$ cat query-v7.csv   # CSV, N, CA and C atoms
chain,number,residue,atom,x,y,z
N,1,GLN,N,52.1,38.1,-48.7
N,1,GLN,CA,51.3,39.3,-48.3
N,1,GLN,C,51.0,40.1,-49.5
N,2,VAL,N,49.8,40.7,-49.5
N,2,VAL,CA,49.3,41.5,-50.6
N,2,VAL,C,48.9,42.9,-50.0
N,3,GLN,N,49.3,43.9,-50.7
N,3,GLN,CA,48.9,45.3,-50.3
N,3,GLN,C,47.9,45.8,-51.3
N,4,LEU,N,46.8,46.5,-50.8
N,4,LEU,CA,45.8,47.0,-51.7
N,4,LEU,C,45.7,48.5,-51.5
N,5,VAL,N,45.6,49.2,-52.6
N,5,VAL,CA,45.4,50.7,-52.5
N,5,VAL,C,44.1,51.0,-53.3
N,6,GLU,N,43.1,51.6,-52.6
N,6,GLU,CA,41.9,51.9,-53.3
N,6,GLU,C,41.8,53.4,-53.6
N,7,SER,N,41.0,53.7,-54.6
N,7,SER,CA,40.7,55.1,-54.9
N,7,SER,C,39.4,55.2,-55.6
N,8,GLY,N,38.9,56.5,-55.6
N,8,GLY,CA,37.7,56.7,-56.5
N,8,GLY,C,36.4,57.0,-55.7
N,9,GLY,N,36.4,56.9,-54.4
N,9,GLY,CA,35.1,57.1,-53.7
N,9,GLY,C,34.8,58.6,-53.7
N,10,GLY,N,33.7,58.9,-53.1
N,10,GLY,CA,33.3,60.3,-53.0
N,10,GLY,C,31.8,60.5,-52.9
N,11,LEU,N,31.4,61.8,-53.0
N,11,LEU,CA,30.0,62.2,-53.0
N,11,LEU,C,29.5,62.4,-54.4
N,12,VAL,N,28.3,61.8,-54.6
N,12,VAL,CA,27.7,62.0,-55.9
N,12,VAL,C,26.2,62.1,-55.8
N,13,GLN,N,25.6,62.7,-56.7
N,13,GLN,CA,24.1,62.9,-56.7
N,13,GLN,C,23.4,61.6,-57.2
N,14,PRO,N,22.2,61.3,-56.8
N,14,PRO,CA,21.5,60.2,-57.3
N,14,PRO,C,21.5,60.2,-58.9
N,15,GLY,N,21.7,59.1,-59.5
N,15,GLY,CA,21.8,59.0,-60.9
N,15,GLY,C,23.1,59.2,-61.5
N,16,GLY,N,24.1,59.6,-60.6
N,16,GLY,CA,25.4,59.9,-61.1
N,16,GLY,C,26.3,58.6,-61.1
N,17,SER,N,27.6,58.8,-61.4
N,17,SER,CA,28.5,57.7,-61.6
N,17,SER,C,29.8,57.9,-60.9
N,18,LEU,N,30.4,56.8,-60.5
N,18,LEU,CA,31.7,56.8,-59.9
N,18,LEU,C,32.5,55.6,-60.4
N,19,ARG,N,33.8,55.7,-60.4
N,19,ARG,CA,34.6,54.6,-60.7
N,19,ARG,C,35.6,54.3,-59.6
N,20,LEU,N,35.6,53.1,-59.0
N,20,LEU,CA,36.5,52.7,-58.0
N,20,LEU,C,37.6,51.9,-58.6
N,21,SER,N,38.8,52.1,-58.0
N,21,SER,CA,40.0,51.4,-58.5
N,21,SER,C,40.7,50.8,-57.3
N,22,CYS,N,41.3,49.6,-57.5
N,22,CYS,CA,42.0,49.0,-56.4
N,22,CYS,C,43.3,48.3,-57.1
N,23,SER,N,44.4,48.7,-56.7
N,23,SER,CA,45.7,48.2,-57.2
N,23,SER,C,46.3,47.3,-56.1
N,24,ALA,N,46.8,46.1,-56.6
N,24,ALA,CA,47.4,45.1,-55.7
N,24,ALA,C,48.9,45.1,-55.9
N,25,SER,N,49.6,44.9,-54.9
N,25,SER,CA,51.1,44.7,-55.0
N,25,SER,C,51.5,43.7,-53.9
N,26,GLY,N,52.7,43.1,-54.1
N,26,GLY,CA,53.1,42.1,-53.1
N,26,GLY,C,53.1,40.7,-53.7
N,27,SER,N,52.6,39.8,-53.0
N,27,SER,CA,52.5,38.4,-53.5
N,27,SER,C,51.3,38.2,-54.4
N,28,ILE,N,51.4,38.9,-55.5
N,28,ILE,CA,50.2,39.0,-56.4
N,28,ILE,C,50.1,37.7,-57.2
N,29,PHE,N,51.1,36.8,-57.2
N,29,PHE,CA,51.0,35.6,-58.0
N,29,PHE,C,50.0,34.7,-57.5
N,30,SER,N,49.6,34.9,-56.2
N,30,SER,CA,48.6,34.0,-55.6
N,30,SER,C,47.2,34.5,-55.7
N,31,ILE,N,46.9,35.6,-56.4
N,31,ILE,CA,45.6,36.1,-56.5
N,31,ILE,C,44.7,35.2,-57.5
N,32,ASN,N,43.6,34.8,-57.0
N,32,ASN,CA,42.6,34.1,-57.8
N,32,ASN,C,41.4,35.0,-58.2
N,33,SER,N,40.9,35.7,-57.2
N,33,SER,CA,39.7,36.5,-57.5
N,33,SER,C,40.0,37.9,-56.9
N,34,MET,N,39.3,38.9,-57.5
N,34,MET,CA,39.3,40.3,-57.0
N,34,MET,C,37.9,40.8,-57.0
N,35,GLY,N,37.6,41.7,-56.1
N,35,GLY,CA,36.2,42.2,-56.1
N,35,GLY,C,36.0,43.3,-55.2
N,36,TRP,N,34.7,43.6,-55.0
N,36,TRP,CA,34.3,44.7,-54.1
N,36,TRP,C,33.2,44.2,-53.2
N,37,TYR,N,33.3,44.6,-51.9
N,37,TYR,CA,32.2,44.4,-50.9
N,37,TYR,C,31.9,45.8,-50.4
N,38,ARG,N,30.8,45.9,-49.8
N,38,ARG,CA,30.4,47.2,-49.2
N,38,ARG,C,29.7,47.0,-47.8
N,39,GLN,N,29.8,48.0,-47.0
N,39,GLN,CA,29.1,47.9,-45.7
N,39,GLN,C,28.5,49.2,-45.4
N,40,ALA,N,27.2,49.2,-45.2
N,40,ALA,CA,26.5,50.4,-44.9
N,40,ALA,C,26.3,50.5,-43.4
N,41,PRO,N,26.1,51.7,-42.8
N,41,PRO,CA,26.0,51.7,-41.3
N,41,PRO,C,24.9,50.8,-40.8
N,42,GLY,N,25.2,50.0,-39.8
N,42,GLY,CA,24.2,49.1,-39.2
N,42,GLY,C,23.9,47.9,-39.9
N,43,LYS,N,24.6,47.7,-41.0
N,43,LYS,CA,24.4,46.5,-41.9
N,43,LYS,C,25.7,45.6,-42.0
N,44,GLN,N,25.5,44.4,-42.4
N,44,GLN,CA,26.6,43.5,-42.6
N,44,GLN,C,27.3,43.8,-43.9
N,45,ARG,N,28.6,43.5,-44.0
N,45,ARG,CA,29.3,43.6,-45.2
N,45,ARG,C,28.7,42.6,-46.2
N,46,GLU,N,28.5,43.1,-47.5
N,46,GLU,CA,27.9,42.3,-48.5
N,46,GLU,C,28.8,42.4,-49.8
N,47,LEU,N,28.7,41.3,-50.6
N,47,LEU,CA,29.4,41.3,-51.8
N,47,LEU,C,28.7,42.2,-52.8
N,48,VAL,N,29.5,43.0,-53.5
N,48,VAL,CA,28.9,43.8,-54.6
N,48,VAL,C,29.2,43.2,-55.9
N,49,ALA,N,30.5,42.9,-56.2
N,49,ALA,CA,30.9,42.3,-57.5
N,49,ALA,C,32.2,41.6,-57.3
N,50,LEU,N,32.4,40.5,-58.1
N,50,LEU,CA,33.6,39.7,-58.0
N,50,LEU,C,34.0,39.3,-59.4
N,51,ILE,N,35.3,39.2,-59.7
N,51,ILE,CA,35.8,38.8,-61.0
N,51,ILE,C,36.9,37.8,-60.7
N,52,ARG,N,36.8,36.6,-61.3
N,52,ARG,CA,37.7,35.5,-61.1
N,52,ARG,C,38.8,35.6,-62.1
N,53,LEU,N,39.9,34.8,-61.9
N,53,LEU,CA,41.0,34.8,-62.8
N,53,LEU,C,40.7,34.6,-64.2
N,54,GLY,N,39.7,33.7,-64.5
N,54,GLY,CA,39.3,33.5,-65.9
N,54,GLY,C,38.4,34.5,-66.5
N,55,GLY,N,37.9,35.5,-65.7
N,55,GLY,CA,37.1,36.5,-66.1
N,55,GLY,C,35.6,36.4,-65.8
N,56,ARG,N,35.3,35.3,-65.2
N,56,ARG,CA,33.9,35.1,-64.7
N,56,ARG,C,33.5,36.1,-63.6
N,57,THR,N,32.3,36.6,-63.7
N,57,THR,CA,31.9,37.7,-62.8
N,57,THR,C,30.6,37.3,-62.0
N,58,ASN,N,30.5,37.8,-60.8
N,58,ASN,CA,29.3,37.7,-60.0
N,58,ASN,C,28.9,39.1,-59.5
N,59,TYR,N,27.6,39.4,-59.5
N,59,TYR,CA,27.1,40.7,-59.0
N,59,TYR,C,26.0,40.4,-58.0
N,60,ALA,N,25.9,41.3,-57.1
N,60,ALA,CA,24.7,41.4,-56.2
N,60,ALA,C,23.5,41.8,-57.1
N,61,ASP,N,22.4,41.2,-56.8
N,61,ASP,CA,21.2,41.5,-57.6
N,61,ASP,C,20.9,43.0,-57.6
N,62,SER,N,21.2,43.6,-56.5
N,62,SER,CA,20.8,45.1,-56.3
N,62,SER,C,21.7,46.0,-57.3
N,63,VAL,N,22.8,45.5,-57.8
N,63,VAL,CA,23.6,46.3,-58.7
N,63,VAL,C,23.7,45.8,-60.1
N,64,LYS,N,23.1,44.7,-60.4
N,64,LYS,CA,23.1,44.2,-61.8
N,64,LYS,C,22.5,45.2,-62.8
N,65,GLY,N,23.2,45.4,-63.9
N,65,GLY,CA,22.8,46.3,-64.9
N,65,GLY,C,23.2,47.8,-64.6
N,66,ARG,N,23.7,48.0,-63.4
N,66,ARG,CA,24.2,49.4,-63.1
N,66,ARG,C,25.7,49.4,-62.8
N,67,PHE,N,26.3,48.4,-62.3
N,67,PHE,CA,27.7,48.3,-61.9
N,67,PHE,C,28.4,47.3,-62.9
N,68,THR,N,29.6,47.6,-63.2
N,68,THR,CA,30.4,46.7,-64.0
N,68,THR,C,31.8,46.6,-63.4
N,69,ILE,N,32.2,45.4,-63.1
N,69,ILE,CA,33.5,45.1,-62.6
N,69,ILE,C,34.5,44.7,-63.8
N,70,SER,N,35.7,45.1,-63.7
N,70,SER,CA,36.7,44.7,-64.7
N,70,SER,C,38.0,44.6,-64.0
N,71,ARG,N,39.0,44.0,-64.8
N,71,ARG,CA,40.3,43.7,-64.2
N,71,ARG,C,41.3,43.9,-65.2
N,72,ASP,N,42.4,44.5,-64.8
N,72,ASP,CA,43.6,44.7,-65.7
N,72,ASP,C,44.7,43.8,-65.1
N,73,ASN,N,44.9,42.6,-65.6
N,73,ASN,CA,45.8,41.7,-65.0
N,73,ASN,C,47.2,42.2,-65.1
N,74,ALA,N,47.5,42.9,-66.1
N,74,ALA,CA,48.9,43.5,-66.3
N,74,ALA,C,49.2,44.5,-65.2
N,75,LYS,N,48.2,45.2,-64.8
N,75,LYS,CA,48.4,46.2,-63.7
N,75,LYS,C,48.0,45.7,-62.4
N,76,ASN,N,47.5,44.5,-62.3
N,76,ASN,CA,47.0,43.9,-61.0
N,76,ASN,C,46.0,44.9,-60.4
N,77,THR,N,45.1,45.4,-61.2
N,77,THR,CA,44.1,46.4,-60.7
N,77,THR,C,42.7,45.9,-61.1
N,78,VAL,N,41.8,46.1,-60.2
N,78,VAL,CA,40.4,45.9,-60.4
N,78,VAL,C,39.6,47.2,-60.3
N,79,TYR,N,38.6,47.3,-61.2
N,79,TYR,CA,37.8,48.5,-61.3
N,79,TYR,C,36.3,48.2,-61.0
N,80,LEU,N,35.6,49.1,-60.5
N,80,LEU,CA,34.2,49.0,-60.4
N,80,LEU,C,33.6,50.3,-60.9
N,81,GLN,N,32.9,50.2,-62.1
N,81,GLN,CA,32.2,51.3,-62.7
N,81,GLN,C,30.8,51.3,-62.1
N,82,MET,N,30.4,52.3,-61.5
N,82,MET,CA,29.1,52.4,-60.8
N,82,MET,C,28.3,53.5,-61.5
N,83,ASN,N,27.2,53.1,-62.2
N,83,ASN,CA,26.3,54.1,-62.9
N,83,ASN,C,25.0,54.0,-62.2
N,84,SER,N,24.2,55.1,-62.5
N,84,SER,CA,22.8,55.2,-62.0
N,84,SER,C,22.8,54.9,-60.5
N,85,LEU,N,23.7,55.6,-59.8
N,85,LEU,CA,23.8,55.4,-58.4
N,85,LEU,C,22.5,55.8,-57.6
N,86,LYS,N,22.2,55.1,-56.5
N,86,LYS,CA,21.1,55.4,-55.7
N,86,LYS,C,21.5,55.6,-54.3
N,87,PRO,N,20.7,56.3,-53.5
N,87,PRO,CA,21.0,56.6,-52.1
N,87,PRO,C,21.4,55.3,-51.4
N,88,GLU,N,20.7,54.2,-51.7
N,88,GLU,CA,20.9,53.0,-51.0
N,88,GLU,C,22.3,52.3,-51.4
N,89,ASP,N,23.0,52.9,-52.3
N,89,ASP,CA,24.4,52.4,-52.6
N,89,ASP,C,25.4,53.1,-51.7
N,90,THR,N,24.9,54.0,-50.8
N,90,THR,CA,25.8,54.6,-49.9
N,90,THR,C,26.4,53.6,-48.9
N,91,ALA,N,27.7,53.6,-48.8
N,91,ALA,CA,28.4,52.6,-48.0
N,91,ALA,C,29.9,52.8,-48.1
N,92,VAL,N,30.6,52.1,-47.2
N,92,VAL,CA,32.1,52.0,-47.4
N,92,VAL,C,32.3,50.8,-48.3
N,93,TYR,N,33.1,51.0,-49.3
N,93,TYR,CA,33.4,50.0,-50.3
N,93,TYR,C,34.8,49.5,-50.1
N,94,TYR,N,34.9,48.1,-49.9
N,94,TYR,CA,36.2,47.5,-49.6
N,94,TYR,C,36.6,46.6,-50.8
N,95,CYS,N,37.8,46.8,-51.2
N,95,CYS,CA,38.5,46.0,-52.2
N,95,CYS,C,38.8,44.6,-51.6
N,96,TYR,N,38.6,43.6,-52.3
N,96,TYR,CA,38.9,42.2,-51.8
N,96,TYR,C,39.7,41.4,-52.8
N,97,VAL,N,40.7,40.7,-52.3
N,97,VAL,CA,41.5,39.8,-53.1
N,97,VAL,C,41.5,38.4,-52.4
N,98,GLY,N,41.1,37.4,-53.3
N,98,GLY,CA,41.0,36.1,-52.8
N,98,GLY,C,42.1,35.2,-53.4
N,99,GLY,N,42.5,34.3,-52.6
N,99,GLY,CA,43.6,33.3,-53.0
N,99,GLY,C,43.7,32.3,-51.9
N,100,PRO,N,45.0,31.8,-51.7
N,100,PRO,CA,45.2,31.0,-50.6
N,100,PRO,C,44.9,31.7,-49.3
N,101,ARG,N,45.1,33.0,-49.3
N,101,ARG,CA,44.7,33.9,-48.2
N,101,ARG,C,43.9,35.0,-48.8
N,102,ASN,N,43.0,35.6,-48.0
N,102,ASN,CA,42.2,36.7,-48.4
N,102,ASN,C,42.7,38.0,-47.9
N,103,PHE,N,42.6,39.1,-48.7
N,103,PHE,CA,43.1,40.4,-48.2
N,103,PHE,C,42.0,41.4,-48.5
N,104,TRP,N,42.0,42.5,-47.7
N,104,TRP,CA,41.0,43.6,-47.8
N,104,TRP,C,41.7,44.9,-47.9
N,105,GLY,N,41.1,45.8,-48.6
N,105,GLY,CA,41.6,47.2,-48.7
N,105,GLY,C,41.1,47.9,-47.4
N,106,GLN,N,41.5,49.2,-47.3
N,106,GLN,CA,41.2,50.0,-46.2
N,106,GLN,C,39.8,50.6,-46.2
N,107,GLY,N,39.2,50.5,-47.4
N,107,GLY,CA,37.8,51.0,-47.6
N,107,GLY,C,37.8,52.4,-48.1
N,108,THR,N,36.8,52.7,-49.0
N,108,THR,CA,36.6,54.0,-49.5
N,108,THR,C,35.1,54.4,-49.4
N,109,GLN,N,34.8,55.6,-48.9
N,109,GLN,CA,33.4,56.0,-48.7
N,109,GLN,C,32.8,56.4,-50.0
N,110,VAL,N,31.6,55.9,-50.3
N,110,VAL,CA,30.8,56.3,-51.4
N,110,VAL,C,29.4,56.8,-50.8
N,111,THR,N,29.1,58.1,-51.1
N,111,THR,CA,27.9,58.7,-50.6
N,111,THR,C,27.1,59.2,-51.7
N,112,VAL,N,25.9,58.7,-51.8
N,112,VAL,CA,24.9,59.1,-52.9
N,112,VAL,C,23.8,59.9,-52.2
N,113,SER,N,23.9,61.2,-52.5
N,113,SER,CA,22.9,62.1,-51.9
N,113,SER,C,22.7,63.4,-52.7
N,114,SER,N,21.5,63.9,-52.6
N,114,SER,CA,21.3,65.2,-53.3
N,114,SER,C,21.5,66.4,-52.3
$ encode --input "query-v7.csv" --output "C-alpha coordinates"
Amino acid sequence: QVQLVESGGGLVQPGGSLRLSCSASGSIFSINSMGWYRQAPGKQRELVALIRLGGRTNYADSVKGRFTISRDNAKNTVYLQMNSLKPEDTAVYYCYVGGPRNFWGQGTQVTVSS
(Lines of atoms letter the chains of each structure in order from A and count residues from 1; the text may use other names and numbers.)
(Lines give C-alpha, C1' and ligand atoms only; values in the text may rest on other atoms or scores of the structure.)
Protein backbone atom coordinates (compact mmCIF):
# COMPACT_ATOMS: atom_id res chain seq x y z
CA GLN A 1 0.00 0.00 0.00
CA VAL A 2 1.15 3.52 -0.80
CA GLN A 3 -0.06 6.69 0.90
CA LEU A 4 0.12 10.01 -0.94
CA VAL A 5 0.03 13.50 0.56
CA GLU A 6 -0.46 16.41 -1.82
CA SER A 7 0.08 20.11 -1.26
CA GLY A 8 0.46 23.37 -3.14
CA GLY A 9 -2.89 24.04 -4.77
CA GLY A 10 -4.73 27.32 -4.50
CA LEU A 11 -6.01 30.40 -6.29
CA VAL A 12 -3.74 32.24 -8.70
CA GLN A 13 -4.19 34.93 -11.32
CA PRO A 14 -3.68 34.17 -15.02
CA GLY A 15 0.01 34.22 -15.82
CA GLY A 16 0.94 33.22 -12.29
CA SER A 17 2.72 30.16 -10.95
CA LEU A 18 2.08 27.36 -8.50
CA ARG A 19 4.09 24.38 -7.36
CA LEU A 20 2.41 21.12 -6.43
CA SER A 21 4.09 18.51 -4.28
CA CYS A 22 3.19 14.89 -3.61
CA SER A 23 5.01 12.75 -1.06
CA ALA A 24 4.67 8.99 -1.07
CA SER A 25 5.05 6.63 1.88
CA GLY A 26 4.39 2.96 2.47
CA SER A 27 5.33 0.30 -0.09
CA ILE A 28 7.39 2.77 -2.04
CA PHE A 29 9.83 0.15 -3.32
CA SER A 30 7.22 -0.78 -5.90
CA ILE A 31 6.91 2.68 -7.48
CA ASN A 32 7.73 2.83 -11.18
CA SER A 33 6.21 6.13 -12.27
CA MET A 34 4.83 9.22 -10.57
CA GLY A 35 2.81 12.00 -12.05
CA TRP A 36 -0.17 14.30 -12.08
CA TYR A 37 -3.61 14.09 -13.61
CA ARG A 38 -6.33 16.70 -13.49
CA GLN A 39 -10.08 16.80 -13.76
CA ALA A 40 -12.10 19.89 -14.55
CA PRO A 41 -15.86 20.08 -13.88
CA GLY A 42 -17.79 18.11 -16.47
CA LYS A 43 -14.64 16.68 -18.04
CA GLN A 44 -12.77 13.41 -17.85
CA ARG A 45 -9.60 13.03 -15.82
CA GLU A 46 -6.59 13.66 -18.06
CA LEU A 47 -2.85 13.17 -17.82
CA VAL A 48 -0.90 16.33 -17.12
CA ALA A 49 2.63 15.04 -16.66
CA LEU A 50 4.38 11.78 -15.82
CA ILE A 51 7.93 10.93 -14.82
CA ARG A 52 9.26 7.40 -14.91
CA LEU A 53 11.87 5.75 -12.69
CA GLY A 54 14.62 6.43 -15.22
CA GLY A 55 13.64 10.09 -15.50
CA ARG A 56 11.77 10.01 -18.80
CA THR A 57 8.88 12.45 -18.84
CA ASN A 58 5.60 12.87 -20.70
CA TYR A 59 3.47 15.99 -20.84
CA ALA A 60 0.04 16.84 -22.15
CA ASP A 61 0.35 19.03 -25.23
CA SER A 62 -1.63 21.76 -23.47
CA VAL A 63 1.02 22.20 -20.75
CA LYS A 64 4.27 21.67 -22.68
CA GLY A 65 6.62 24.57 -22.17
CA ARG A 66 4.70 25.83 -19.13
CA PHE A 67 4.74 22.93 -16.64
CA THR A 68 7.74 20.98 -15.40
CA ILE A 69 7.60 17.70 -13.52
CA SER A 70 10.46 16.58 -11.32
CA ARG A 71 11.10 13.84 -8.81
CA ASP A 72 13.22 13.55 -5.68
CA ASN A 73 13.77 9.82 -5.29
CA ALA A 74 15.44 10.23 -1.90
CA LYS A 75 12.30 11.92 -0.57
CA ASN A 76 9.85 9.88 -2.67
CA THR A 77 8.33 13.13 -3.76
CA VAL A 78 7.14 14.40 -7.11
CA TYR A 79 6.72 18.06 -7.96
CA LEU A 80 4.81 19.92 -10.64
CA GLN A 81 6.00 23.45 -11.32
CA MET A 82 3.23 25.28 -13.16
CA ASN A 83 4.07 28.58 -14.83
CA SER A 84 2.09 30.89 -17.11
CA LEU A 85 -1.13 29.47 -15.74
CA LYS A 86 -4.31 29.91 -17.74
CA PRO A 87 -7.97 29.80 -16.69
CA GLU A 88 -8.29 26.51 -18.57
CA ASP A 89 -5.78 24.97 -16.16
CA THR A 90 -8.42 25.21 -13.44
CA ALA A 91 -9.10 21.71 -12.15
CA VAL A 92 -8.58 19.30 -9.30
CA TYR A 93 -5.07 17.94 -9.64
CA TYR A 94 -4.44 14.35 -8.54
CA CYS A 95 -1.11 12.80 -7.72
CA TYR A 96 -0.59 9.40 -9.34
CA VAL A 97 1.79 6.58 -8.52
CA GLY A 98 2.17 3.67 -10.89
CA GLY A 99 3.62 0.25 -10.24
CA PRO A 100 2.24 -3.24 -9.79
CA ARG A 101 -0.73 -1.31 -8.42
CA ASN A 102 -1.76 2.27 -9.09
CA PHE A 103 -2.50 4.78 -6.34
CA TRP A 104 -4.11 8.21 -6.32
CA GLY A 105 -3.88 11.20 -4.03
CA GLN A 106 -6.93 12.93 -2.60
CA GLY A 107 -6.69 15.81 -5.06
CA THR A 108 -5.82 19.47 -4.68
CA GLN A 109 -7.78 22.32 -6.23
CA VAL A 110 -6.05 24.71 -8.61
CA THR A 111 -8.06 27.75 -9.64
CA VAL A 112 -6.76 30.25 -12.17
CA SER A 113 -8.88 33.37 -12.16
CA SER A 114 -8.60 37.13 -12.02
$ closest_residue --input "query-v7.csv" --among "N:Ser27, N:Ile51, N:Thr108, N:Ser33" --to "Tyr94 in chain N" --atoms "all atoms listed in the file"
N:Thr108
$ closest_residue --input "query-v7.csv" --among "N:Met82, N:Val2, N:Val92, N:Ala74" --to "Ile28 in chain N" --atoms "only C-alpha atoms"
N:Val2
$ axis_aligned_box --input "query-v7.csv" --around "range 31-50 of chain N" --padding-each-side "4 Å" --output "lines of an AutoDock Vina configuration file"
center_x = 35.4
center_y = 42.9
center_z = -49.3
size_x = 31.0
size_y = 25.6
size_z = 28.2
$ atom_distance --input "query-v7.csv" --atom1 "atom N of Leu20 in chain N" --atom2 "CA of Glu6 in chain N"
8.6 Å
$ closest_residue --input "query-v7.csv" --among "N:Ser30, N:Thr111, N:Thr57, N:Ser21" --to "Thr90 in chain N" --atoms "all atoms listed in the file"
N:Thr111
$ residues_around --input "query-v7.csv" --residues "Phe103 in chain N" --least-positions-apart "5" --cutoff "12 Å" --atoms "only C-alpha atoms" --output "ChimeraX atom specification"
/N:1-5,22,24-28,30-37,94-98
$ residues_around --input "query-v7.csv" --residues "Gly16 in chain N" --least-positions-apart "3" --cutoff "5 Å" --atoms "all atoms listed in the file" --output "list in words"
Gln13, Asn83, Ser84 and Leu85 of chain N
$ select_by_dssp --input "query-v7.csv" --residues "chain N" --states "helix (DSSP H, G or I)" --output "list in words"
Ile28, Phe29, Ser30, Asp61, Ser62, Val63, Pro87, Glu88 and Asp89 of chain N
$ residues_near_point --input "query-v7.csv" --point "(34.4, 57.1, -55.1)" --cutoff "6.5 Å" --atoms "all atoms listed in the file" --output "mmCIF file with N, CA and C atoms, in the frame of the given file"
data_model
loop_
_atom_site.group_PDB
_atom_site.id
_atom_site.type_symbol
_atom_site.label_atom_id
_atom_site.label_comp_id
_atom_site.auth_asym_id
_atom_site.auth_seq_id
_atom_site.Cartn_x
_atom_site.Cartn_y
_atom_site.Cartn_z
ATOM 1 N N SER N 7 41.000 53.700 -54.600
ATOM 2 C CA SER N 7 40.700 55.100 -54.900
ATOM 3 C C SER N 7 39.400 55.200 -55.600
ATOM 4 N N GLY N 8 38.900 56.500 -55.600
ATOM 5 C CA GLY N 8 37.700 56.700 -56.500
ATOM 6 C C GLY N 8 36.400 57.000 -55.700
ATOM 7 N N GLY N 9 36.400 56.900 -54.400
ATOM 8 C CA GLY N 9 35.100 57.100 -53.700
ATOM 9 C C GLY N 9 34.800 58.600 -53.700
ATOM 10 N N GLY N 10 33.700 58.900 -53.100
ATOM 11 C CA GLY N 10 33.300 60.300 -53.000
ATOM 12 C C GLY N 10 31.800 60.500 -52.900
ATOM 13 N N LEU N 11 31.400 61.800 -53.000
ATOM 14 C CA LEU N 11 30.000 62.200 -53.000
ATOM 15 C C LEU N 11 29.500 62.400 -54.400
ATOM 16 N N LEU N 18 30.400 56.800 -60.500
ATOM 17 C CA LEU N 18 31.700 56.800 -59.900
ATOM 18 C C LEU N 18 32.500 55.600 -60.400
ATOM 19 N N ARG N 19 33.800 55.700 -60.400
ATOM 20 C CA ARG N 19 34.600 54.600 -60.700
ATOM 21 C C ARG N 19 35.600 54.300 -59.600
ATOM 22 N N LEU N 20 35.600 53.100 -59.000
ATOM 23 C CA LEU N 20 36.500 52.700 -58.000
ATOM 24 C C LEU N 20 37.600 51.900 -58.600
ATOM 25 N N THR N 108 36.800 52.700 -49.000
ATOM 26 C CA THR N 108 36.600 54.000 -49.500
ATOM 27 C C THR N 108 35.100 54.400 -49.400
ATOM 28 N N GLN N 109 34.800 55.600 -48.900
ATOM 29 C CA GLN N 109 33.400 56.000 -48.700
ATOM 30 C C GLN N 109 32.800 56.400 -50.000
ATOM 31 N N VAL N 110 31.600 55.900 -50.300
ATOM 32 C CA VAL N 110 30.800 56.300 -51.400
ATOM 33 C C VAL N 110 29.400 56.800 -50.800
#
